[in-house]
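The file model-v3.pdb contains PDB, C-alpha atoms:
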```pdb
MODEL        1
ATOM      1  CA  MET S1342     109.056 105.081  91.997
ATOM      2  CA  THR S1343     109.655 103.037  88.877
ATOM      3  CA  ILE S1344     109.164  99.351  88.182
ATOM      4  CA  PRO S1345     111.366  98.358  85.251
ATOM      5  CA  PHE S1346     109.388  96.263  82.815
ATOM      6  CA  THR S1347     108.596  96.174  79.113
ATOM      7  CA  LEU S1348     105.097  95.767  77.770
ATOM      8  CA  PRO S1349     104.860  93.062  75.095
ATOM      9  CA  PRO S1350     103.239  94.256  71.845
ATOM     10  CA  ASP S1351      99.956  92.440  72.538
ATOM     11  CA  SER S1352      99.518  93.617  76.118
ATOM     12  CA  GLU S1353      97.534  96.795  75.431
ATOM     13  CA  ALA S1354      93.743  96.727  75.424
ATOM     14  CA  THR S1355      92.903  98.309  72.082
ATOM     15  CA  ALA S1356      89.108  98.469  72.543
ATOM     16  CA  PRO S1357      86.469  98.292  75.281
ATOM     17  CA  PRO S1358      86.017  94.714  76.513
ATOM     18  CA  GLU S1359      82.425  94.542  75.279
ATOM     19  CA  ARG S1360      83.682  95.157  71.757
ATOM     20  CA  ARG S1361      86.067  92.232  72.238
ATOM     21  CA  GLY S1362      83.229  89.930  73.322
ATOM     22  CA  VAL S1363      83.938  90.280  77.071
ATOM     23  CA  PRO S1364      81.230  91.582  79.451
ATOM     24  CA  ARG S1365      82.147  94.734  81.339
ATOM     25  CA  ASP S1366      82.514  92.931  84.681
ATOM     26  CA  ALA S1367      84.312  89.894  83.217
ATOM     27  CA  VAL S1368      87.712  91.509  82.713
ATOM     28  CA  ARG S1369      90.432  89.758  84.645
ATOM     29  CA  LEU S1370      91.175  90.745  88.238
ATOM     30  CA  LEU S1371      94.574  90.088  89.760
ATOM     31  CA  VAL S1372      94.377  90.051  93.569
ATOM     32  CA  ALA S1373      97.623  90.887  95.355
ATOM     33  CA  ARG S1374      98.018  90.203  99.065
ATOM     34  CA  PRO S1375     101.323  89.858 100.936
ATOM     35  CA  GLY S1376     102.790  86.508  99.903
ATOM     36  CA  ARG S1377      99.869  85.588  97.646
ATOM     37  CA  ILE S1378      98.750  86.367  94.097
ATOM     38  CA  GLU S1379      95.357  85.160  92.858
ATOM     39  CA  HIS S1380      93.602  85.385  89.489
ATOM     40  CA  HIS S1381      89.879  86.083  89.234
ATOM     41  CA  ARG S1382      87.298  87.889  87.147
ATOM     42  CA  PHE S1383      86.152  91.331  88.254
ATOM     43  CA  ARG S1384      82.668  90.015  88.974
ATOM     44  CA  ASP S1385      84.246  88.002  91.817
ATOM     45  CA  LEU S1386      84.954  91.191  93.771
ATOM     46  CA  PRO S1387      82.112  90.745  96.322
ATOM     47  CA  ASP S1388      83.650  87.422  97.366
ATOM     48  CA  LEU S1389      87.084  89.004  97.860
ATOM     49  CA  VAL S1390      86.131  91.758 100.289
ATOM     50  CA  GLU S1391      84.590  91.472 103.746
ATOM     51  CA  PRO S1392      81.345  92.675 105.350
ATOM     52  CA  GLY S1393      81.999  96.044 106.909
ATOM     53  CA  ASP S1394      84.592  97.072 104.329
ATOM     54  CA  LEU S1395      84.058 100.449 102.658
ATOM     55  CA  VAL S1396      84.432 100.755  98.883
ATOM     56  CA  VAL S1397      84.787 104.370  97.720
ATOM     57  CA  VAL S1398      84.043 105.259  94.088
ATOM     58  CA  ASN S1399      84.550 108.378  91.991
ATOM     59  CA  THR S1400      81.248 109.515  90.480
ATOM     60  CA  SER S1401      82.853 111.982  88.068
ATOM     61  CA  ALA S1402      81.648 111.425  84.501
ATOM     62  CA  THR S1403      83.851 111.703  81.431
ATOM     63  CA  VAL S1404      83.356 114.635  79.059
ATOM     64  CA  PRO S1405      84.295 114.690  75.345
ATOM     65  CA  ALA S1406      87.410 116.781  75.960
ATOM     66  CA  ALA S1407      89.308 116.334  72.661
ATOM     67  CA  LEU S1408      88.882 119.122  70.118
ATOM     68  CA  ASP S1409      90.227 119.633  66.600
ATOM     69  CA  ALA S1410      92.069 122.961  66.365
ATOM     70  CA  VAL S1411      94.044 124.752  63.667
ATOM     71  CA  ARG S1412      97.194 126.724  64.418
ATOM     72  CA  GLY S1413      97.951 130.082  62.850
ATOM     73  CA  ASN S1414     100.152 128.423  60.230
ATOM     74  CA  GLY S1415      97.216 126.294  59.104
ATOM     75  CA  ASN S1416      98.492 123.051  60.627
ATOM     76  CA  PRO S1417      96.079 120.870  62.606
ATOM     77  CA  ALA S1418      96.622 120.714  66.365
ATOM     78  CA  PRO S1419      94.437 118.448  68.470
ATOM     79  CA  VAL S1420      93.642 120.152  71.785
ATOM     80  CA  HIS S1421      92.723 118.320  74.988
ATOM     81  CA  LEU S1422      90.798 120.343  77.546
ATOM     82  CA  SER S1423      92.155 119.200  80.913
ATOM     83  CA  THR S1424      90.000 121.324  83.201
ATOM     84  CA  THR S1425      88.299 124.672  83.561
ATOM     85  CA  LEU S1426      89.454 127.166  86.167
ATOM     86  CA  ASP S1427      87.437 129.125  88.694
ATOM     87  CA  ASP S1428      87.952 132.318  86.673
ATOM     88  CA  GLY S1429      86.507 130.736  83.521
ATOM     89  CA  GLY S1430      89.863 130.033  81.904
ATOM     90  CA  TRP S1431      90.788 126.686  80.402
ATOM     91  CA  VAL S1432      93.762 124.416  81.034
ATOM     92  CA  VAL S1433      94.677 122.667  77.797
ATOM     93  CA  GLU S1434      97.219 120.328  76.294
ATOM     94  CA  VAL S1435      98.095 120.960  72.642
ATOM     95  CA  ARG S1436      98.984 117.731  70.860
ATOM     96  CA  LEU S1437     101.188 117.095  67.848
ATOM     97  CA  ALA S1438      99.292 116.919  64.566
ATOM     98  CA  ASP S1439      99.475 113.113  64.515
ATOM     99  CA  GLY S1440      98.406 112.875  68.156
ATOM    100  CA  SER S1441     101.599 111.051  69.148
ATOM    101  CA  GLY S1442     102.422 113.340  72.063
ATOM    102  CA  PRO S1443     102.170 116.851  73.461
ATOM    103  CA  ASP S1444     103.397 119.708  71.299
ATOM    104  CA  LEU S1445     106.035 121.454  73.408
ATOM    105  CA  SER S1446     106.737 124.121  70.776
ATOM    106  CA  VAL S1447     103.694 126.273  71.596
ATOM    107  CA  HIS S1448     104.260 129.710  73.110
ATOM    108  CA  PRO S1449     102.431 132.423  75.065
ATOM    109  CA  GLY S1450     100.035 134.447  72.973
ATOM    110  CA  GLU S1451      99.639 131.779  70.307
ATOM    111  CA  ARG S1452      96.122 131.583  68.923
ATOM    112  CA  MET S1453      94.312 128.578  67.543
ATOM    113  CA  ARG S1454      90.984 128.210  65.808
ATOM    114  CA  LEU S1455      88.580 125.829  67.490
ATOM    115  CA  PRO S1456      85.354 124.498  65.981
ATOM    116  CA  GLY S1457      82.300 126.741  66.054
ATOM    117  CA  GLY S1458      84.164 129.998  65.505
ATOM    118  CA  VAL S1459      85.951 129.967  68.863
ATOM    119  CA  THR S1460      89.517 131.261  69.281
ATOM    120  CA  LEU S1461      91.850 129.732  71.874
ATOM    121  CA  THR S1462      94.693 131.954  73.115
ATOM    122  CA  LEU S1463      97.501 130.409  75.164
ATOM    123  CA  ALA S1464      98.499 132.490  78.191
ATOM    124  CA  GLU S1465     101.161 130.735  80.274
ATOM    125  CA  PRO S1466     102.197 127.254  81.378
ATOM    126  CA  PHE S1467      99.916 125.839  84.065
ATOM    127  CA  THR S1468     102.238 123.368  85.745
ATOM    128  CA  SER S1469     104.695 122.385  83.014
ATOM    129  CA  ALA S1470     105.510 122.909  79.352
ATOM    130  CA  ARG S1471     102.689 120.476  78.552
ATOM    131  CA  LEU S1472      99.644 122.096  80.164
ATOM    132  CA  TRP S1473      98.740 125.715  79.443
ATOM    133  CA  ARG S1474      96.335 128.257  80.828
ATOM    134  CA  ALA S1475      94.252 129.566  77.966
ATOM    135  CA  ALA S1476      91.375 131.926  77.209
ATOM    136  CA  VAL S1477      88.571 131.347  74.724
ATOM    137  CA  THR S1478      86.713 134.016  72.792
ATOM    138  CA  PRO S1479      83.840 134.286  72.682
ATOM    139  CA  GLU S1480      83.111 132.600  75.987
ATOM    140  CA  VAL S1481      81.050 129.447  75.581
ATOM    141  CA  PRO S1482      79.101 127.190  77.949
ATOM    142  CA  VAL S1483      81.751 124.509  78.225
ATOM    143  CA  ARG S1484      79.593 121.426  78.671
ATOM    144  CA  ASP S1485      77.322 122.299  75.753
ATOM    145  CA  TYR S1486      80.274 123.249  73.591
ATOM    146  CA  LEU S1487      82.078 119.971  74.209
ATOM    147  CA  ALA S1488      78.894 117.990  73.614
ATOM    148  CA  ARG S1489      78.603 119.597  70.194
ATOM    149  CA  HIS S1490      82.230 119.704  69.068
ATOM    150  CA  GLY S1491      84.288 117.379  71.280
ATOM    151  CA  ARG S1492      85.048 113.672  71.383
ATOM    152  CA  PRO S1493      86.528 111.428  74.077
ATOM    153  CA  ILE S1494      90.292 111.577  74.500
ATOM    154  CA  GLY S1495      91.987 108.521  73.044
ATOM    155  CA  TYR S1496      95.593 107.525  72.506
ATOM    156  CA  GLY S1497      97.534 105.681  69.839
ATOM    157  CA  TYR S1498      97.188 102.213  71.324
ATOM    158  CA  LEU S1499      93.422 102.252  70.665
ATOM    159  CA  ALA S1500      92.065 100.653  67.499
ATOM    160  CA  GLY S1501      89.968 103.623  66.452
ATOM    161  CA  ARG S1502      87.554 105.985  68.158
ATOM    162  CA  PHE S1503      84.747 104.932  70.483
ATOM    163  CA  PRO S1504      81.598 106.750  71.634
ATOM    164  CA  LEU S1505      81.418 108.601  74.921
ATOM    165  CA  ARG S1506      79.227 105.916  76.514
ATOM    166  CA  ASP S1507      82.196 103.522  76.342
ATOM    167  CA  TYR S1508      84.133 105.929  78.586
ATOM    168  CA  GLN S1509      81.543 106.132  81.377
ATOM    169  CA  ASN S1510      81.357 104.255  84.657
ATOM    170  CA  VAL S1511      77.889 102.981  85.531
ATOM    171  CA  TYR S1512      77.712 105.203  88.627
ATOM    172  CA  ALA S1513      79.053 108.371  86.942
ATOM    173  CA  THR S1514      76.750 111.320  87.637
ATOM    174  CA  GLU S1515      78.803 114.544  87.596
ATOM    175  CA  PRO S1516      80.429 115.460  84.260
ATOM    176  CA  GLY S1517      83.915 116.888  84.556
ATOM    177  CA  SER S1518      86.704 114.363  83.888
ATOM    178  CA  ALA S1519      88.833 114.842  80.805
ATOM    179  CA  GLU S1520      89.836 111.177  81.023
ATOM    180  CA  MET S1521      87.770 108.342  82.445
ATOM    181  CA  ALA S1522      88.323 107.359  86.060
ATOM    182  CA  SER S1523      88.868 103.941  84.540
ATOM    183  CA  ALA S1524      89.419 101.810  87.653
ATOM    184  CA  GLY S1525      85.655 101.789  88.109
ATOM    185  CA  ARG S1526      84.765 100.834  84.572
ATOM    186  CA  PRO S1527      84.290  97.088  85.277
ATOM    187  CA  PHE S1528      81.553  97.738  87.832
ATOM    188  CA  THR S1529      77.994  96.903  86.802
ATOM    189  CA  ALA S1530      74.712  97.585  88.571
ATOM    190  CA  PRO S1531      74.248  93.908  89.545
ATOM    191  CA  LEU S1532      77.791  93.817  90.907
ATOM    192  CA  LEU S1533      77.116  96.860  93.086
ATOM    193  CA  VAL S1534      73.955  95.181  94.400
ATOM    194  CA  ARG S1535      75.961  92.068  95.276
ATOM    195  CA  LEU S1536      78.497  94.171  97.157
ATOM    196  CA  ILE S1537      75.747  95.813  99.193
ATOM    197  CA  ALA S1538      74.104  92.454  99.864
ATOM    198  CA  ARG S1539      77.477  91.206 101.112
ATOM    199  CA  GLY S1540      77.462  93.945 103.746
ATOM    200  CA  VAL S1541      79.987  96.145 101.961
ATOM    201  CA  VAL S1542      79.277  99.869 102.049
ATOM    202  CA  VAL S1543      79.751 101.863  98.837
ATOM    203  CA  ALA S1544      80.338 105.614  99.145
ATOM    204  CA  PRO S1545      81.081 108.400  96.632
ATOM    205  CA  ILE S1546      83.640 111.109  96.160
ATOM    206  CA  VAL S1547      84.154 113.305  93.112
ATOM    207  CA  LEU S1548      87.491 114.072  91.521
ATOM    208  CA  HIS S1549      87.502 115.465  87.997
ATOM    209  CA  ALA S1550      90.522 113.833  86.374
ATOM    210  CA  GLY S1551      92.621 115.970  84.063
ATOM    211  CA  VAL S1552      94.703 115.015  81.041
ATOM    212  CA  SER S1553      97.346 112.446  81.947
ATOM    213  CA  SER S1554      99.402 112.507  78.712
ATOM    214  CA  PRO S1555     100.844 108.997  79.112
ATOM    215  CA  GLU S1556     103.873 109.791  76.961
ATOM    216  CA  LEU S1557     105.521 112.023  79.599
ATOM    217  CA  HIS S1558     104.467 110.186  82.791
ATOM    218  CA  GLU S1559     104.132 113.392  84.794
ATOM    219  CA  PRO S1560     102.524 113.489  88.234
ATOM    220  CA  PRO S1561      98.904 114.654  88.050
ATOM    221  CA  ALA S1562      98.341 118.389  88.017
ATOM    222  CA  ALA S1563      95.958 120.141  90.388
ATOM    223  CA  GLU S1564      92.479 118.622  90.142
ATOM    224  CA  ARG S1565      89.087 119.623  91.507
ATOM    225  CA  PHE S1566      87.600 117.291  94.132
ATOM    226  CA  THR S1567      84.855 116.870  96.715
ATOM    227  CA  VAL S1568      84.657 114.482  99.670
ATOM    228  CA  PRO S1569      81.078 114.670 101.028
ATOM    229  CA  GLU S1570      80.401 114.800 104.742
ATOM    230  CA  ALA S1571      78.626 111.422 104.664
ATOM    231  CA  THR S1572      81.615 109.749 103.018
ATOM    232  CA  ALA S1573      84.021 111.288 105.510
ATOM    233  CA  ARG S1574      81.892 109.928 108.376
ATOM    234  CA  LEU S1575      81.791 106.470 106.787
ATOM    235  CA  VAL S1576      85.591 106.440 106.493
ATOM    236  CA  GLU S1577      85.880 107.312 110.184
ATOM    237  CA  LEU S1578      83.394 104.607 111.196
ATOM    238  CA  THR S1579      85.064 101.980 108.997
ATOM    239  CA  ARG S1580      88.504 102.676 110.394
ATOM    240  CA  SER S1581      87.273 102.721 113.987
ATOM    241  CA  ALA S1582      85.722  99.278 113.400
ATOM    242  CA  GLY S1583      89.027  97.932 112.096
ATOM    243  CA  ARG S1584      87.709  97.364 108.575
ATOM    244  CA  ARG S1585      89.288  98.340 105.261
ATOM    245  CA  VAL S1586      88.831 101.510 103.236
ATOM    246  CA  ILE S1587      89.180 100.359  99.617
ATOM    247  CA  ALA S1588      89.625 103.073  97.010
ATOM    248  CA  VAL S1589      88.478 102.434  93.457
ATOM    249  CA  GLY S1590      91.225 104.149  91.513
ATOM    250  CA  THR S1591      94.059 106.538  92.112
ATOM    251  CA  THR S1592      91.621 109.460  91.841
ATOM    252  CA  VAL S1593      89.763 108.208  94.913
ATOM    253  CA  VAL S1594      93.030 107.783  96.820
ATOM    254  CA  ARG S1595      94.002 111.339  95.966
ATOM    255  CA  ALA S1596      90.658 112.775  97.054
ATOM    256  CA  LEU S1597      90.394 110.851 100.326
ATOM    257  CA  GLU S1598      93.973 111.514 101.317
ATOM    258  CA  SER S1599      93.534 115.213 100.538
ATOM    259  CA  ALA S1600      90.752 115.302 103.130
ATOM    260  CA  ALA S1601      92.677 113.333 105.785
ATOM    261  CA  GLU S1602      94.381 114.978 108.742
ATOM    262  CA  PRO S1603      97.939 113.913 109.750
ATOM    263  CA  GLY S1604      96.537 111.568 112.392
ATOM    264  CA  GLY S1605      94.045 110.039 109.962
ATOM    265  CA  ALA S1606      90.939 111.974 111.021
ATOM    266  CA  MET S1607      88.639 112.610 108.068
ATOM    267  CA  HIS S1608      86.564 115.642 107.256
ATOM    268  CA  ALA S1609      84.467 116.829 104.337
ATOM    269  CA  ALA S1610      86.499 118.805 101.829
ATOM    270  CA  THR S1611      86.113 120.487  98.477
ATOM    271  CA  GLY S1612      88.506 122.447  96.301
ATOM    272  CA  TRP S1613      91.700 121.707  94.401
ATOM    273  CA  THR S1614      94.298 119.120  95.323
ATOM    274  CA  GLU S1615      97.942 118.925  94.307
ATOM    275  CA  LEU S1616      98.659 115.973  96.600
ATOM    276  CA  VAL S1617     101.179 113.386  95.402
ATOM    277  CA  LEU S1618     101.668 110.342  97.624
ATOM    278  CA  GLY S1619     105.081 108.792  98.135
ATOM    279  CA  PRO S1620     107.647 107.936 100.803
ATOM    280  CA  ALA S1621     107.409 111.421 102.296
ATOM    281  CA  ARG S1622     103.599 111.322 102.372
ATOM    282  CA  PRO S1623     102.200 107.815 102.849
ATOM    283  CA  PRO S1624      98.439 107.194 102.885
ATOM    284  CA  ARG S1625      96.596 107.939 106.107
ATOM    285  CA  VAL S1626      93.203 106.304 105.533
ATOM    286  CA  VAL S1627      93.249 104.143 102.381
ATOM    287  CA  THR S1628      94.043 100.476 103.079
ATOM    288  CA  GLY S1629      93.073  98.790  99.804
ATOM    289  CA  LEU S1630      93.002  99.723  96.152
ATOM    290  CA  VAL S1631      91.230  98.653  92.966
ATOM    291  CA  THR S1632      93.116  99.924  89.939
ATOM    292  CA  GLY S1633      94.033  99.245  86.359
ATOM    293  CA  LEU S1634      97.491  98.423  85.063
ATOM    294  CA  HIS S1635      99.764 101.382  84.424
ATOM    295  CA  ALA S1636     102.492 101.829  81.849
ATOM    296  CA  PRO S1637     106.209 101.602  82.727
ATOM    297  CA  GLU S1638     107.500 104.800  84.356
ATOM    298  CA  ALA S1639     103.928 106.013  85.009
ATOM    299  CA  SER S1640     103.719 108.325  88.010
ATOM    300  CA  HIS S1641     100.698 106.321  89.240
ATOM    301  CA  LEU S1642     103.063 103.494  90.174
ATOM    302  CA  GLY S1643     104.419 105.661  92.981
ATOM    303  CA  LEU S1644     100.922 106.013  94.420
ATOM    304  CA  LEU S1645     100.382 102.242  94.175
ATOM    305  CA  ALA S1646     103.640 101.664  96.035
ATOM    306  CA  ALA S1647     102.635 104.181  98.713
ATOM    307  CA  VAL S1648      99.416 102.261  99.350
ATOM    308  CA  ALA S1649     100.528  98.652  98.839
ATOM    309  CA  GLY S1650     104.322  98.738  99.138
ATOM    310  CA  ARG S1651     106.827  98.339  96.340
ATOM    311  CA  PRO S1652     107.372  94.556  96.814
ATOM    312  CA  LEU S1653     103.672  93.781  96.452
ATOM    313  CA  VAL S1654     103.279  96.072  93.431
ATOM    314  CA  THR S1655     106.329  94.490  91.792
ATOM    315  CA  ALA S1656     105.000  90.976  92.429
ATOM    316  CA  ALA S1657     101.620  91.920  90.991
ATOM    317  CA  TYR S1658     103.105  93.397  87.832
ATOM    318  CA  ASP S1659     105.388  90.425  87.352
ATOM    319  CA  ALA S1660     102.346  88.146  87.577
ATOM    320  CA  ALA S1661     100.285  90.344  85.256
ATOM    321  CA  LEU S1662     103.008  90.148  82.613
ATOM    322  CA  GLU S1663     103.434  86.408  83.046
ATOM    323  CA  HIS S1664      99.697  85.771  82.691
ATOM    324  CA  HIS S1665      99.185  88.192  79.783
ATOM    325  CA  TYR S1666      96.917  90.730  81.448
ATOM    326  CA  LEU S1667      95.809  93.721  79.368
ATOM    327  CA  TRP S1668      96.862  97.284  80.152
ATOM    328  CA  HIS S1669      95.223 100.741  79.987
ATOM    329  CA  GLU S1670      91.715 102.070  80.506
ATOM    330  CA  PHE S1671      89.897  99.216  78.750
ATOM    331  CA  GLY S1672      92.150  96.507  80.138
ATOM    332  CA  ASP S1673      92.223  94.249  83.182
ATOM    333  CA  SER S1674      92.221  95.176  86.867
ATOM    334  CA  THR S1675      94.160  94.645  90.059
ATOM    335  CA  LEU S1676      93.040  94.571  93.678
ATOM    336  CA  PHE S1677      95.681  95.363  96.272
ATOM    337  CA  LEU S1678      94.884  94.188  99.817
ATOM    338  CA  PRO S1679      98.115  94.864 101.731
TER     339      PRO S1679
ENDMDL
END
```
Would you encode the structure as structure tokens?
Amino acid sequence: MTIPFTLPPDSEATAPPERRGVPRDAVRLLVARPGRIEHHRFRDLPDLVEPGDLVVVNTSATVPAALDAVRGNGNPAPVHLSTTLDDGGWVVEVRLADGSGPDLSVHPGERMRLPGGVTLTLAEPFTSARLWRAAVTPEVPVRDYLARHGRPIGYGYLAGRFPLRDYQNVYATEPGSAEMASAGRPFTAPLLVRLIARGVVVAPIVLHAGVSSPELHEPPAAERFTVPEATARLVELTRSAGRRVIAVGTTVVRALESAAEPGGAMHAATGWTELVLGPARPPRVVTGLVTGLHAPEASHLGLLAAVAGRPLVTAAYDAALEHHYLWHEFGDSTLFLP
């Protein structure tokens, strides 16, 4: 699905809201219901949901997945580590020297020098010409290596580099995401307490988000996820009571729907998911969605339309443009309640 629109030059959030003088939970929140668009602040969320609703969050934490590499010809080549594989291999995206997009000229067997005396050898494409399976020699403990040599992934619309803490959600506990599961960034501890006091249940899943590469707008590649047994039971209970299951982010939608049976029954699940929602595979359990604003042609728009319907998504984006909302991971938010 595509929604044809053009982002005005000043519509991209170029820094975390706190660095623009806006508290984390005070970013704008556009609420889209059938026939009605409302404008709030994110801290109003507890007043916009109902007792008995279930809010599901992704507790994956962001890792510093951007590394500075050097190709065999001596040219710099930023490398983004998207994920690690069960066999110890890496899945990487090699970027152009100026960081403006993926470098599609790389080839099997190409070697690159990473910091700390590590050599990266490309093996074969993972899912496309953008993501590659790769081996590193010598083998390194990935989390420690990234902590020493990596930095958070950032793109050209950002006004500089920001520390890893700016890329973490307050409830993030399990490191593994190459890019922040940014729909949850506006949550604060007091806001979570207010949700609970309202009678809203908050439950976790984990999905380690890979590299999205916004320039190519590809569907997400296979990603590692876990839906705990307790969360699966809460989804079942919420649906049986006729209440809403509200996903915080497209990563949560992907994880929950990967654990849902055709009839909507939920079960605990862990592994890899390649699920892409759309007309041929509508959502089975998710009935509401908190999300950021996605760029034109972004594959995430198809998932939004699968959950909320194309007319409601179109109306929301029209309103966001009219009222000068900010896009991307440090921008404003939307709440779809179809």
What is the distance, in Å and to one decimal place, between atom CA of S:Ala1354 and atom CA of S:Val1586?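 Distance reported for this atom pair: 28.6 Å.
Closest approach to S:Ser1553 among S:Leu1662, S:Ala1656, S:Val1433, S:Ala1582: S:Val1433, based on only C-alpha atoms.
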Around (103.4, 131.7, 75.8) in the file's own coordinates, what residues are found within 7 Å if you use all atoms listed in the file, given back as a ChimeraX atom specification? /S:1447-1451,1463-1465
Could you tell me how far atom CA of S:Met1521 lies from atom CA of S:Ala1550, in Å and to one decimal?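 So the answer is 7.3 Å.
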Which of these residues is nearest to S:Pro1466, using only C-alpha atoms: S:Leu1371, S:Ala1538, S:Ala1646, S:Ala1562?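 Smallest distance to S:Pro1466 is found for S:Ala1562.
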Please evaluate the PyMOL selection byres ((chain S and resi 1543) around 8) against the displayed coordinates and give the resulting residues as a list in words.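 The output of the PyMOL selection byres ((chain S and resi 1543) around 8) on this file is Leu1395, Val1396, Val1397, Val1398, Leu1536, Ile1537, Val1541, Val1542, Ala1544 and Pro1545 of chain S.
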Selection dump of the PyMOL selection byres ((chain S and resi 1678) around 8), as a list in words: Val1372, Ala1373, Arg1374, Pro1375, Thr1628, Gly1629, Leu1630, Ala1649, Leu1676, Phe1677 and Pro1679 of chain S
Determine the residue membership of the PyMOL selection byres ((chain S and resi 1365) around 12) for the file above and supply it as a PyMOL selection string. chain S and resi 1356-1364+1366-1369+1382-1384+1507-1511+1523-1532+1671-1674
When you draw a straight line from atom CA of S:Gly1590 to atom CA of S:Leu1487, how long is it in Å? 25.2 Å
Contacts of S:Gly1517 at 7 Å or less, counting all atoms listed in the file, minus same-chain residues fewer than 5 places along, as number ranges by chain? S: 1401-1404, 1549
Please tabulate, as CSV, the residues of stretch 1441-1551 of chain S that come within 10 Å of stretch 1424-1429 of chain S, each with its closest pair of atoms and the distance in Å to one decimal, counting only C-alpha atoms and ordering rows by chain, then residue number upward.
```
residue,atom,partner,partner_atom,distance
S:Arg1474,CA,S:Leu1426,CA,8.8
S:Ala1475,CA,S:Thr1425,CA,9.5
S:Ala1476,CA,S:Gly1429,CA,8.1
S:Val1477,CA,S:Gly1429,CA,9.1
S:Glu1480,CA,S:Gly1429,CA,8.5
S:Val1481,CA,S:Gly1429,CA,9.7
S:Pro1482,CA,S:Gly1429,CA,9.9
S:Val1483,CA,S:Thr1425,CA,8.4
S:Gly1517,CA,S:Thr1424,CA,7.7
S:Ser1518,CA,S:Thr1424,CA,7.7
S:Ala1519,CA,S:Thr1424,CA,7.0
S:His1549,CA,S:Thr1424,CA,8.0
S:Ala1550,CA,S:Thr1424,CA,8.2
S:Gly1551,CA,S:Thr1424,CA,6.0
```
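Distances here use all atoms listed in the file; by that measure, the residue among S:Glu1556, S:Asp1351, S:Glu1564, S:Asp1385 closest to S:Asp1444 is S:Glu1556.
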